[in-house]
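The file query38.txt contains compact mmCIF, C-alpha atoms and all ligand atoms:
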# COMPACT_ATOMS: atom_id res chain seq x y z
CA MET A 1 -17.78 5.45 0.97
CA PRO A 2 -20.56 4.21 3.22
CA HIS A 3 -21.76 6.73 5.79
CA ILE A 4 -24.75 7.61 7.92
CA ALA A 5 -25.89 11.10 8.90
CA ALA A 6 -27.56 10.98 12.30
CA LYS A 7 -28.76 12.98 15.27
CA ASN A 8 -29.15 12.15 18.94
CA ILE A 9 -26.42 9.53 19.27
CA GLN A 10 -26.63 7.85 22.66
CA LEU A 11 -23.34 6.05 23.00
CA PRO A 12 -23.80 2.74 24.76
CA ALA A 13 -21.62 1.55 27.64
CA PHE A 14 -18.68 -0.22 26.02
CA PRO A 15 -18.01 -3.01 25.22
CA ILE A 16 -21.22 -3.94 23.48
CA LYS A 17 -22.01 -6.77 21.07
CA ARG A 18 -24.40 -6.65 18.13
CA GLY A 19 -24.52 -9.80 16.02
CA GLU A 20 -20.98 -10.53 14.87
CA PHE A 21 -19.81 -6.99 15.66
CA GLU A 22 -18.27 -6.02 18.97
CA TYR A 23 -17.85 -2.32 19.80
CA LEU A 24 -14.93 -2.16 22.21
CA TRP A 25 -14.27 1.42 23.29
CA LYS A 26 -14.66 5.03 22.30
CA ALA A 27 -11.79 7.52 21.95
CA GLN A 28 -12.28 11.29 22.08
CA ALA A 29 -9.89 13.55 20.14
CA ILE A 30 -8.11 15.84 22.60
CA TYR A 31 -7.89 18.98 20.48
CA ALA A 32 -10.74 18.24 18.08
CA LYS A 33 -14.33 17.08 18.21
CA GLU A 34 -14.14 13.71 16.44
CA GLN A 35 -14.71 10.47 18.25
CA LEU A 36 -13.55 7.02 17.21
CA VAL A 37 -15.22 3.74 18.09
CA ALA A 38 -13.18 0.52 17.95
CA VAL A 39 -14.95 -2.39 16.27
CA ARG A 40 -14.06 -6.05 16.20
CA TYR A 41 -15.54 -8.27 13.49
CA LYS A 42 -14.19 -11.83 13.38
CA GLU A 43 -10.39 -11.42 13.18
CA LEU A 44 -10.58 -7.81 11.96
CA ALA A 45 -10.31 -4.68 14.09
CA PHE A 46 -11.07 -1.19 12.76
CA LEU A 47 -12.45 2.18 13.79
CA LEU A 48 -15.63 4.07 13.05
CA GLU A 49 -15.38 7.84 13.06
CA ILE A 50 -18.13 10.07 14.46
CA LYS A 51 -17.66 13.54 13.03
CA PRO A 52 -19.78 16.39 14.35
CA LYS A 53 -21.35 18.74 11.77
CA LYS A 54 -23.40 21.86 12.54
CA ASP A 55 -26.51 20.07 13.81
CA HIS A 56 -25.88 16.39 13.17
CA TYR A 57 -23.12 13.76 12.97
CA ILE A 58 -21.57 11.84 10.09
CA ILE A 59 -20.61 8.29 11.00
CA LYS A 60 -18.24 6.46 8.66
CA ALA A 61 -15.26 4.11 8.69
CA ASP A 62 -11.96 5.70 9.67
CA LYS A 63 -9.75 5.84 6.56
CA VAL A 64 -6.61 4.44 8.21
CA THR A 65 -8.19 1.21 9.42
CA ARG A 66 -11.09 0.82 6.93
CA PRO A 67 -11.58 -2.86 6.13
CA ALA A 68 -12.54 -4.38 2.80
CA PRO A 69 -14.96 -5.53 1.47
CA THR A 70 -17.40 -2.62 1.91
CA PHE A 71 -20.24 -4.76 3.25
CA ILE A 72 -18.37 -5.08 6.58
CA VAL A 73 -18.41 -1.30 6.95
CA LYS A 74 -22.09 -1.10 5.98
CA GLU A 75 -23.03 -3.72 8.58
CA ALA A 76 -20.81 -2.17 11.24
CA LEU A 77 -22.44 1.24 10.70
CA SER A 78 -26.00 -0.11 10.75
CA ASN A 79 -25.42 -2.16 13.88
CA PHE A 80 -23.71 0.74 15.62
CA CYS A 81 -26.58 3.10 14.83
CA GLU A 82 -29.04 0.63 16.32
CA ALA A 83 -26.92 0.21 19.45
CA ALA A 84 -26.57 3.99 19.84
CA ARG A 85 -30.27 4.56 19.05
CA CYS A 86 -29.32 7.17 16.46
CA GLN A 87 -31.97 9.13 14.68
CA ARG A 88 -30.92 8.50 11.06
CA LEU A 89 -31.27 11.54 8.80
CA TYR A 90 -29.91 9.92 5.64
CA ASP A 91 -27.36 7.37 4.51
CA ASN A 92 -25.90 5.99 1.29
CA LEU A 93 -25.75 2.35 2.34
CA SER A 94 -28.22 1.04 -0.25
CA GLN A 95 -26.43 2.88 -3.08
CA ILE A 96 -23.23 0.93 -2.57
CA LYS A 97 -23.42 -1.85 -5.11
CA PRO A 98 -20.73 -4.34 -6.02
CA SER A 99 -18.59 -2.77 -8.76
CA HIS A 100 -18.38 -4.36 -12.21
CA THR A 101 -14.86 -5.46 -11.41
CA GLN A 102 -16.02 -7.27 -8.25
CA LYS A 103 -15.62 -10.67 -9.87
CA ALA A 104 -11.92 -9.99 -10.29
CA GLN A 105 -11.40 -8.42 -6.85
CA GLY A 106 -9.87 -11.69 -5.65
CA PHE A 107 -6.97 -10.97 -7.99
CA LEU A 108 -6.25 -7.65 -6.27
CA LYS A 109 -4.04 -8.42 -3.28
CA GLY A 110 -2.82 -6.26 -0.45
CA ILE A 111 0.86 -6.10 0.43
CA ASP A 112 0.20 -8.29 3.52
CA TYR A 113 -0.73 -11.17 1.23
CA PHE A 114 2.73 -11.12 -0.35
CA ILE A 115 4.54 -10.60 2.95
CA ASN A 116 2.75 -13.48 4.68
CA ASP A 117 2.56 -16.01 1.91
CA PHE A 118 4.32 -15.07 -1.29
CA PRO A 119 2.94 -17.38 -4.02
CA LYS A 120 5.61 -19.86 -5.03
CA ASP A 121 3.82 -22.77 -6.63
CA LYS A 122 4.25 -21.38 -10.18
CA GLU A 123 7.03 -19.45 -11.85
CA VAL A 124 6.54 -15.75 -11.14
CA CYS A 125 7.01 -12.80 -13.51
CA ILE A 126 6.54 -9.18 -12.48
CA GLU A 127 5.41 -6.16 -14.50
CA VAL A 128 6.08 -2.76 -12.94
CA GLY A 129 3.65 0.03 -13.88
CA PHE A 130 1.44 -1.96 -16.27
CA GLY A 131 -0.69 1.07 -17.30
CA SER A 132 -3.41 -0.09 -19.70
CA GLY A 133 -2.30 -3.67 -18.99
CA ARG A 134 -2.02 -4.65 -22.67
CA HIS A 135 1.41 -6.26 -22.27
CA LEU A 136 0.53 -7.98 -18.97
CA LEU A 137 -2.70 -9.45 -20.37
CA TYR A 138 -0.88 -10.64 -23.49
CA GLN A 139 1.85 -12.33 -21.43
CA ALA A 140 -0.65 -13.94 -19.04
CA LYS A 141 -2.80 -15.28 -21.87
CA ASN A 142 0.20 -16.74 -23.68
CA ASN A 143 1.93 -18.20 -20.62
CA PRO A 144 -0.77 -19.86 -18.50
CA HIS A 145 1.85 -21.81 -16.52
CA ILE A 146 3.37 -18.54 -15.19
CA LEU A 147 1.91 -16.33 -12.45
CA PHE A 148 2.15 -12.64 -13.38
CA ILE A 149 2.22 -10.00 -10.67
CA GLY A 150 1.23 -6.55 -11.92
CA ILE A 151 2.29 -3.61 -9.77
CA GLU A 152 0.61 -0.23 -10.29
CA VAL A 153 -0.09 2.91 -8.33
CA HIS A 154 -2.68 4.39 -10.70
CA LYS A 155 -6.11 3.26 -9.51
CA PRO A 156 -8.05 3.64 -12.82
CA SER A 157 -5.42 1.42 -14.51
CA ILE A 158 -5.90 -1.18 -11.77
CA GLU A 159 -9.70 -1.11 -12.18
CA GLN A 160 -9.33 -1.41 -15.94
CA LEU A 161 -7.02 -4.41 -15.63
CA LEU A 162 -9.31 -6.14 -13.11
CA GLY A 163 -12.19 -5.68 -15.56
CA GLN A 164 -10.12 -7.27 -18.34
CA ILE A 165 -9.04 -10.18 -16.11
CA ALA A 166 -12.73 -10.95 -15.48
CA LEU A 167 -13.69 -10.46 -19.12
CA GLN A 168 -10.86 -12.63 -20.47
CA LYS A 169 -11.33 -15.21 -17.67
CA LEU A 170 -7.64 -15.21 -16.74
CA ASP A 171 -6.53 -16.82 -13.51
CA ASN A 172 -2.78 -16.23 -13.56
CA ILE A 173 -2.53 -12.51 -12.75
CA LEU A 174 -2.31 -10.95 -9.29
CA VAL A 175 -2.51 -7.20 -9.01
CA VAL A 176 -1.05 -5.06 -6.26
CA ASP A 177 -1.63 -1.37 -5.66
CA TYR A 178 1.78 -0.51 -4.30
CA ASP A 179 4.95 1.40 -5.10
CA ALA A 180 7.06 -1.08 -7.06
CA ARG A 181 10.28 0.21 -5.51
CA LEU A 182 9.07 -0.85 -2.06
CA PHE A 183 7.26 -3.99 -3.20
CA MET A 184 10.56 -5.54 -4.23
CA GLU A 185 11.67 -5.63 -0.57
CA PHE A 186 9.10 -8.38 0.07
CA VAL A 187 9.81 -10.67 -2.88
CA PRO A 188 11.72 -13.84 -1.93
CA SER A 189 15.19 -14.22 -3.44
CA ASN A 190 15.95 -16.13 -6.66
CA ILE A 191 12.36 -16.91 -7.69
CA VAL A 192 11.37 -14.44 -10.44
CA GLY A 193 11.47 -15.31 -14.15
CA THR A 194 11.33 -11.82 -15.72
CA ILE A 195 10.75 -8.29 -14.46
CA PHE A 196 9.26 -5.98 -17.08
CA VAL A 197 9.60 -2.21 -16.69
CA HIS A 198 8.08 -0.77 -19.85
CA PHE A 199 7.98 2.96 -20.47
CA PRO A 200 8.49 4.12 -16.88
CA ILE A 201 7.82 7.80 -16.27
CA PRO A 202 11.19 9.52 -16.99
CA TRP A 203 10.83 12.02 -14.12
CA ASP A 204 13.55 14.20 -15.64
CA LYS A 205 12.85 16.97 -13.12
CA LYS A 206 12.38 14.68 -10.09
CA PRO A 207 14.87 11.84 -10.67
CA HIS A 208 14.38 10.53 -7.10
CA ARG A 209 10.92 9.32 -8.21
CA ARG A 210 12.30 7.08 -10.97
CA VAL A 211 11.55 3.36 -10.72
CA ILE A 212 15.04 2.46 -11.92
CA SER A 213 17.65 3.29 -9.30
CA LYS A 214 20.62 1.50 -7.78
CA PRO A 215 18.58 0.04 -4.86
CA PHE A 216 15.82 -1.10 -7.28
CA VAL A 217 18.30 -2.85 -9.58
CA GLN A 218 19.99 -4.52 -6.61
CA GLU A 219 16.63 -5.79 -5.32
CA ALA A 220 15.66 -6.87 -8.84
CA LYS A 221 18.88 -8.90 -9.12
CA ARG A 222 18.24 -10.44 -5.71
CA VAL A 223 14.75 -11.65 -6.66
CA LEU A 224 15.61 -12.84 -10.19
CA LYS A 225 16.61 -16.45 -10.70
CA PRO A 226 20.14 -16.80 -12.06
CA GLY A 227 19.85 -16.42 -15.85
CA SER A 228 16.63 -14.36 -15.59
CA ILE A 229 16.08 -10.86 -16.91
CA LEU A 230 15.13 -7.33 -15.89
CA GLU A 231 13.77 -5.73 -19.06
CA LEU A 232 13.61 -1.97 -19.45
CA ARG A 233 11.89 -0.46 -22.48
CA THR A 234 11.86 3.29 -22.91
CA ASP A 235 11.38 6.01 -25.50
CA SER A 236 13.47 8.48 -23.47
CA ILE A 237 17.14 8.71 -24.45
CA ASN A 238 17.83 10.43 -21.12
CA TYR A 239 16.26 7.60 -19.16
CA PHE A 240 18.02 5.01 -21.33
CA GLU A 241 21.43 6.60 -20.67
CA TYR A 242 20.70 7.01 -16.98
CA ALA A 243 19.53 3.38 -16.62
CA LEU A 244 22.48 2.05 -18.60
CA GLU A 245 24.84 3.74 -16.17
CA VAL A 246 22.97 2.28 -13.18
CA PHE A 247 22.96 -1.20 -14.76
CA LEU A 248 26.67 -0.99 -15.64
CA ASP A 249 27.43 -0.30 -12.01
CA GLU A 250 26.33 -3.85 -11.11
CA LYS A 251 29.24 -6.17 -10.47
CA LYS A 252 27.92 -9.37 -11.98
CA ALA A 253 25.41 -9.03 -14.79
CA GLN A 254 25.13 -9.40 -18.53
CA LEU A 255 23.60 -6.54 -20.51
CA GLU A 256 21.94 -6.54 -23.91
CA VAL A 257 20.98 -3.27 -25.58
CA THR A 258 18.68 -3.10 -28.60
CA LYS A 259 16.95 -0.31 -30.50
CA ASN A 260 13.60 -0.21 -32.30
CA ILE A 261 12.87 -3.93 -31.98
CA ALA A 262 9.12 -4.55 -32.30
CA PRO A 263 7.75 -6.45 -29.27
CA PRO A 264 5.10 -9.20 -29.54
CA VAL A 265 2.53 -6.71 -28.25
CA SER A 266 2.87 -2.97 -28.11
CA SER A 267 1.38 -0.76 -25.43
CA LYS A 268 -0.65 2.41 -25.91
CA TYR A 269 2.46 4.46 -25.12
CA GLU A 270 4.55 2.58 -27.58
CA ASP A 271 1.99 3.01 -30.36
CA ARG A 272 2.00 6.76 -29.75
CA TRP A 273 5.80 7.08 -29.77
CA VAL A 274 6.17 4.88 -32.85
CA ARG A 275 3.56 7.02 -34.68
CA LEU A 276 5.65 10.06 -33.79
CA GLY A 277 8.75 8.37 -35.22
CA LYS A 278 10.56 8.16 -31.86
CA ASP A 279 13.29 5.62 -31.16
CA ILE A 280 12.59 2.90 -28.61
CA TYR A 281 15.43 1.53 -26.48
CA ASP A 282 15.59 -1.79 -24.64
CA ILE A 283 18.08 -2.86 -22.02
CA ARG A 284 17.97 -6.43 -20.74
CA LEU A 285 19.98 -7.11 -17.64
CA LYS A 286 20.60 -10.82 -17.06
CA ASN A 287 21.20 -11.75 -13.45
CA LEU A 288 24.15 -14.12 -13.14
CA GLU A 289 24.22 -14.95 -9.45
CA ASN A 290 22.30 -16.60 -6.63
CA SER A 291 21.37 -14.25 -3.81
CA LYS A 292 21.03 -14.92 -0.12
CA GLU A 293 17.57 -15.65 1.28
CA LEU A 294 15.22 -12.82 2.18
CA GLU A 295 14.82 -12.09 5.89
CA LEU A 296 11.51 -10.46 6.70
CA GLU A 297 11.71 -10.06 10.43
CA GLY A 298 10.50 -6.90 12.11
CA ASP A 299 10.30 -6.25 15.82
CA PHE A 300 7.65 -3.62 16.39
CA SER A 301 7.33 -4.05 20.15
CA PHE A 302 7.88 -1.27 22.69
CA GLN A 303 10.04 -1.87 25.76
CA SER A 304 8.48 0.86 27.92
CA GLY A 305 5.52 3.22 28.07
CA VAL A 306 5.26 6.95 27.38
CA LYS A 307 3.99 9.82 29.51
CA LYS A 308 0.88 11.67 28.33
CA GLU A 309 2.73 15.01 28.60
CA ARG A 310 5.29 13.72 26.10
CA LEU A 311 2.53 12.65 23.72
CA ILE A 312 0.97 16.10 23.93
CA GLU A 313 4.37 17.65 23.21
CA LEU A 314 4.89 15.50 20.11
CA MET A 315 1.44 16.05 18.56
CA GLY A 316 1.57 17.91 15.25
CA GLN A 317 5.32 17.41 14.95
CA THR A 318 6.97 15.94 11.85
CA LYS A 319 10.46 14.47 12.16
CA VAL A 320 12.30 14.02 8.87
CA TYR A 321 15.35 11.76 8.59
CA GLU A 322 17.45 10.75 5.62
CA ASP A 323 15.19 8.05 4.18
CA PHE A 324 12.12 8.05 6.44
CA PHE A 325 9.92 10.35 8.47
CA ILE A 326 7.51 10.31 11.42
CA HIS A 327 4.45 12.55 11.79
CA PHE A 328 2.47 12.58 15.03
CA GLN A 329 -0.99 13.55 13.88
CA LYS A 330 -3.67 13.38 16.56
CA LEU A 331 -4.09 12.34 20.16
CA TYR A 332 -7.24 10.70 21.50
CA SER A 333 -8.19 9.77 25.03
CA ILE A 334 -10.05 6.51 25.64
CA ASP A 335 -10.21 6.72 29.45
CA GLU A 336 -7.94 7.74 32.32
CA LYS A 337 -5.41 5.07 31.52
CA ARG A 338 -5.63 4.63 27.76
CA ASN A 339 -4.74 6.91 24.87
CA LEU A 340 -4.69 6.51 21.12
CA VAL A 341 -2.20 8.25 18.84
CA GLU A 342 -2.73 8.64 15.10
CA LEU A 343 0.57 8.80 13.23
CA SER A 344 2.19 8.25 9.87
CA PHE A 345 5.76 7.18 9.26
CA GLY A 346 8.16 5.20 7.10
CA SER A 347 9.12 5.87 3.51
CA PHE A 348 8.24 9.16 1.80
CA ASP A 349 6.76 7.29 -1.16
CA ARG A 350 4.55 4.87 0.70
CA PRO A 351 3.98 6.09 4.25
CA GLU A 352 2.41 3.80 6.80
CA HIS A 353 -0.66 5.19 8.58
CA LYS A 354 -1.36 3.62 11.95
CA TYR A 355 -2.60 4.15 15.47
CA LEU A 356 -0.75 3.41 18.67
CA LEU A 357 -2.85 2.11 21.54
CA ILE A 358 -1.22 3.20 24.76
CA ASP A 359 -2.31 1.59 28.02
CA VAL A 360 -0.19 2.90 30.93
CA ASN A 361 3.08 1.09 30.26
CA THR A 362 2.19 -0.96 27.24
CA ILE A 363 2.13 0.33 23.70
CA ARG A 364 1.03 -1.52 20.59
CA TYR A 365 0.17 -0.67 17.02
CA PHE A 366 -3.54 -0.70 16.22
CA PRO A 367 -5.16 -2.46 14.50
CA LYS A 368 -2.05 -4.42 13.50
CA GLN A 369 1.70 -4.10 13.22
CA PRO A 370 3.31 -2.12 10.39
CA ILE A 371 4.66 -4.03 7.42
CA PRO A 372 8.32 -4.94 8.00
CA SER A 373 9.84 -2.57 5.44
CA ARG A 374 13.29 -1.11 6.09
CA ALA A 375 11.87 2.40 6.46
CA ASN A 376 9.19 1.24 8.94
CA LYS A 377 11.74 -0.63 11.07
CA LYS A 378 13.92 2.48 11.27
CA ALA A 379 10.92 4.69 12.06
CA HIS A 380 9.77 2.35 14.82
CA ILE A 381 13.15 2.55 16.57
CA LYS A 382 13.02 6.34 16.34
CA ILE A 383 9.43 6.52 17.66
CA GLU A 384 10.49 4.58 20.74
CA GLU A 385 13.50 6.90 21.17
CA LEU A 386 11.27 9.99 20.86
CA PHE A 387 8.87 8.60 23.49
CA ASN A 388 11.78 8.19 25.89
CA VAL A 389 13.37 11.61 25.55
C1 LIG A 401 4.19 5.83 -18.77
S1 LIG A 401 3.20 4.64 -18.03
C2 LIG A 401 3.56 3.17 -18.93
C3 LIG A 401 2.50 2.12 -18.78
C4 LIG A 401 2.75 0.80 -19.49
N1 LIG A 401 3.89 0.10 -18.98
C5 LIG A 401 2.86 0.99 -20.97
O1 LIG A 401 3.92 0.65 -21.54
O2 LIG A 401 1.90 1.47 -21.58
C6 LIG A 401 4.03 4.37 -16.49
C7 LIG A 401 3.15 3.63 -15.48
O3 LIG A 401 3.95 3.34 -14.34
C8 LIG A 401 3.15 3.57 -13.18
N2 LIG A 401 4.11 3.84 -12.08
C9 LIG A 401 4.89 4.92 -11.92
N3 LIG A 401 5.66 4.82 -10.83
C10 LIG A 401 5.35 3.62 -10.26
C11 LIG A 401 5.80 2.94 -9.10
N4 LIG A 401 6.74 3.47 -8.31
N5 LIG A 401 5.27 1.73 -8.82
C12 LIG A 401 4.32 1.19 -9.63
N6 LIG A 401 3.84 1.79 -10.74
C13 LIG A 401 4.36 2.98 -11.06
C14 LIG A 401 2.28 4.75 -13.54
O4 LIG A 401 1.12 4.82 -12.75
C15 LIG A 401 1.97 4.46 -14.99
O5 LIG A 401 0.80 3.70 -15.15
Take the structure in the file and give it back as structure tokens.
Ligand SMILES: C[S@@+](CC[C@H](N)C(=O)[O-])C[C@H]1O[C@@H](n2cnc3c(N)ncnc32)[C@H](O)[C@@H]1O
Amino acid sequence: MPHIAAKNIQLPAFPIKRGEFEYLWKAQAIYAKEQLVAVRYKELAFLLEIKPKKDHYIIKADKVTRPAPTFIVKEALSNFCEAARCQRLYDNLSQIKPSHTQKAQGFLKGIDYFINDFPKDKEVCIEVGFGSGRHLLYQAKNNPHILFIGIEVHKPSIEQLLGQIALQKLDNILVVDYDARLFMEFVPSNIVGTIFVHFPIPWDKKPHRRVISKPFVQEAKRVLKPGSILELRTDSINYFEYALEVFLDEKKAQLEVTKNIAPPVSSKYEDRWVRLGKDIYDIRLKNLENSKELELEGDFSFQSGVKKERLIELMGQTKVYEDFFIHFQKLYSIDEKRNLVELSFGSFDRPEHKYLLIDVNTIRYFPKQPIPSRANKKAHIKIEELFNV
């Protein structure tokens, strides 16, 4: 990550403009030594962190708000150091080169992309946990008229797939680094052709981490077009039996179960299991109904302010509820009227990390609102309640 080690930082009077970068304010941590500097660049807002070391400072982008691509951070750091007349000791800015998968970075989308403008101009198919990507690449190559969305949480697999997309010059795959169970909440109803879940991790000891669950299957049915299929392929008899039970619980669906049927392309996992003589089970659940439209509203506004004493009281606390949590991490002071709170909240599997900018009686999320997931909406209501205790 880009950073600069510097001495003798002379913070300018805020706000200050340098080229296309505007440095808006500085926030000082109340029980720690870090400082944050708010930066605006075009429509983006983010924070730089100034972290004191023994006899110098490290300046880098704050991890919660860090923007992409990296050149924005590099420029923001360089401009800031000039404005603050830092004495640079060393930096790594020239070492940060575009990665070999850069050409395909346009195919890697953030969750906001899907929430704001879910692609609908082609038929959509989804692969959950694509791993090496062999199946996804095969499908995309053989079905150029379909848009494939690959969902993964394992970063090396994502990098590998992006490299292959560039190498094979494919233009019908979008990749998202997100938990598939939560991603489904943002897919419009009745638009998906097929959902592939091939060789999901069985999680025999932690079943709550399984991809297949009642809520997942219900969301899958909602997003599938009538007549379209959720396809599970597994080598685990336990997982097969568990999934069959979950699928059978659905009111209106058609199920097809097969065993040891060779697919058009086999994955690395499959090759290994077949070599070991294991059985492979498939369940295909056909959705038979039309679902009601997706509503993606989320009100993340605050009706009243919060007293500083209450913020101090909440700092360091974690509140755990049935299907979400809130953790108040750090409090910063910007000036006499304004404070900044670092917090995380929402689902246990994909927590949202944000700041709250508190200006006397107005509170807003910084740099932008949380994504409108169910867990985030519940957490927001609770945060407001906790502020008003
Ligand atoms: C056992 S591998 C199978 C990979 C591939 N489907 C295959 O057949 O070779 C399971 C993959 O699912 C991914 N995964 C697990 N849980 C996930 C989740 N909740 N959302 C998205 N991907 C997930 C893992 O990172 C892993 O790459």
>> So, with all atoms listed in the file as the atoms that count, which of A:Phe300, A:Tyr281, A:Phe325, A:Phe130 lies closest to ligand LIG 401 (chain A)?
In response: A:Phe130
>> I'd like the neighbourhood of Glu82 (chain A) as a PyMOL selection string, where a residue qualifies if any of its atoms comes within 10 Å (using all atoms listed in the file), though same-chain residues fewer than 4 positions away should be ignored.
In response: chain A and resi 9-10+18+77-78+86-88
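You can rank A:Lys120, A:His380, A:His145, A:Arg210 by their closest distance to Ile191 (chain A) using only C-alpha atoms, and at the top of that list sits A:Lys120.
One distance worth recording is that between CA of His154 (chain A) and atom N6 of ligand LIG 401 (chain A), which is 7.0 Å.
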>> Can you tell me which residues surround Ser344 (chain A) at a distance of at most 8 Å, considering all atoms listed in the file, apart from same-chain residues fewer than 2 positions away, and format the answer as a VMD selection string?
In response: chain A and resid 326 to 329 342 346 351 to 354
Counting only C-alpha atoms and all ligand atoms, which residues of chain A fall within 9 Å of ligand LIG 401 (chain A), and what is the closest atom pair for each with its distance in Å at one decimal, ordered by chain and rising number, as a tab-separated table?
residue	atom	partner	partner_atom	distance
A:Glu127	CA	A:LIG401	N1	7.8
A:Val128	CA	A:LIG401	C12	5.4
A:Gly129	CA	A:LIG401	O3	3.4
A:Phe130	CA	A:LIG401	N1	4.2
A:Gly131	CA	A:LIG401	C3	3.7
A:Ser132	CA	A:LIG401	O2	5.8
A:Gly133	CA	A:LIG401	C4	6.8
A:Arg134	CA	A:LIG401	O2	7.3
A:His135	CA	A:LIG401	O1	7.4
A:Leu136	CA	A:LIG401	N1	8.8
A:Gly150	CA	A:LIG401	C12	8.6
A:Ile151	CA	A:LIG401	C12	5.2
A:Glu152	CA	A:LIG401	N6	3.8
A:Val153	CA	A:LIG401	N6	4.7
A:His154	CA	A:LIG401	O4	4.3
A:Lys155	CA	A:LIG401	O4	8.1
A:Ser157	CA	A:LIG401	O5	6.7
A:Ile158	CA	A:LIG401	O5	9.0
A:Val176	CA	A:LIG401	C12	8.9
A:Asp177	CA	A:LIG401	C12	7.6
A:Tyr178	CA	A:LIG401	N5	6.1
A:Asp179	CA	A:LIG401	N5	3.7
A:Ala180	CA	A:LIG401	N5	3.8
A:Arg181	CA	A:LIG401	N4	5.6
A:Leu182	CA	A:LIG401	N4	7.9
A:Phe183	CA	A:LIG401	N5	8.3
A:Phe196	CA	A:LIG401	N1	8.3
A:Val197	CA	A:LIG401	N1	6.6
A:His198	CA	A:LIG401	N1	4.4
A:Phe199	CA	A:LIG401	C2	4.7
A:Pro200	CA	A:LIG401	C6	4.5
A:Ile201	CA	A:LIG401	C1	4.8
A:Pro202	CA	A:LIG401	C1	8.1
A:Arg209	CA	A:LIG401	N4	7.2
A:Arg210	CA	A:LIG401	N3	7.0
A:Val211	CA	A:LIG401	N4	5.4
A:Arg233	CA	A:LIG401	O1	8.1
A:Thr234	CA	A:LIG401	O1	8.5
A:Ser266	CA	A:LIG401	O1	7.6
A:Ser267	CA	A:LIG401	O2	4.5
A:Lys268	CA	A:LIG401	O2	5.1
A:Tyr269	CA	A:LIG401	O2	4.7
A:Glu270	CA	A:LIG401	O1	6.4
A:Asp271	CA	A:LIG401	O2	8.9
A:Asp349	CA	A:LIG401	N4	8.1
> Near Val306 (chain A), counting all atoms listed in the file, which residues have an atom at most 10 Å away, once you skip same-chain residues fewer than 5 positions from it, shown as a PyMOL selection string?
Replying inline: chain A and resi 311+358-363+384+386-389
> Which one of A:Leu356, A:Val223, A:Val187, A:Val265 sits closest to Gln139 (chain A) if you count only C-alpha atoms?
Replying inline: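 Answer, going by the shortest atom-to-atom distance: A:Val265.
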>> Rounded to one decimal, what separation in Å do you get between CA of Phe14 (chain A) and CA of Arg364 (chain A)?
In response: 20.5 Å
>> Here's a test: counting all atoms listed in the file, identify every protein, DNA and RNA residue with an atom at most 8 Å from (16.6, -4.8, -29.3) in the file's coordinate frame, and state them as JSON, numbers by chain.
In response: {"A": [256, 257, 258, 259, 260, 261, 281, 282, 283]}
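The coordinates place CA of Cys125 (chain A) at 5.9 Å from CA of Ile195 (chain A).
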> Using all atoms listed in the file, which of A:Val73, A:Ile149, A:Val320, A:Leu340 sits nearest Lys308 (chain A)?
Replying inline: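 Answer, going by the shortest atom-to-atom distance: A:Leu340.
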> Got a sec: who's within 9 Å of Pro15 (chain A), counting all atoms listed in the file, leaving out chain neighbours fewer than 6 positions off, as a PyMOL selection string?
Replying inline: chain A and resi 22-25
Reconstructed N, CA and C atoms for region 49-58 of chain A, given as a short mmCIF file (atom, residue, chain, number, x, y, z; two decimals), keeping the file's coordinate frame:
data_model
loop_
_atom_site.label_atom_id
_atom_site.label_comp_id
_atom_site.auth_asym_id
_atom_site.auth_seq_id
_atom_site.Cartn_x
_atom_site.Cartn_y
_atom_site.Cartn_z
N GLU A 49 -15.61 6.45 12.66
CA GLU A 49 -15.38 7.84 13.06
C GLU A 49 -16.73 8.55 13.18
N ILE A 50 -16.90 9.28 14.28
CA ILE A 50 -18.13 10.07 14.46
C ILE A 50 -17.70 11.53 14.36
N LYS A 51 -18.12 12.17 13.29
CA LYS A 51 -17.66 13.54 13.03
C LYS A 51 -18.81 14.53 13.21
N PRO A 52 -18.67 15.45 14.16
CA PRO A 52 -19.78 16.39 14.35
C PRO A 52 -19.86 17.41 13.22
N LYS A 53 -21.08 17.65 12.72
CA LYS A 53 -21.35 18.74 11.77
C LYS A 53 -22.15 19.78 12.54
N LYS A 54 -22.72 20.76 11.85
CA LYS A 54 -23.40 21.86 12.54
C LYS A 54 -24.50 21.35 13.49
N ASP A 55 -25.43 20.53 12.93
CA ASP A 55 -26.51 20.07 13.81
C ASP A 55 -26.76 18.57 13.71
N HIS A 56 -25.75 17.85 13.21
CA HIS A 56 -25.88 16.39 13.17
C HIS A 56 -24.48 15.78 13.15
N TYR A 57 -24.41 14.46 13.02
CA TYR A 57 -23.12 13.76 12.97
C TYR A 57 -23.03 12.95 11.68
N ILE A 58 -21.80 12.79 11.19
CA ILE A 58 -21.57 11.84 10.09
C ILE A 58 -20.79 10.67 10.69
#
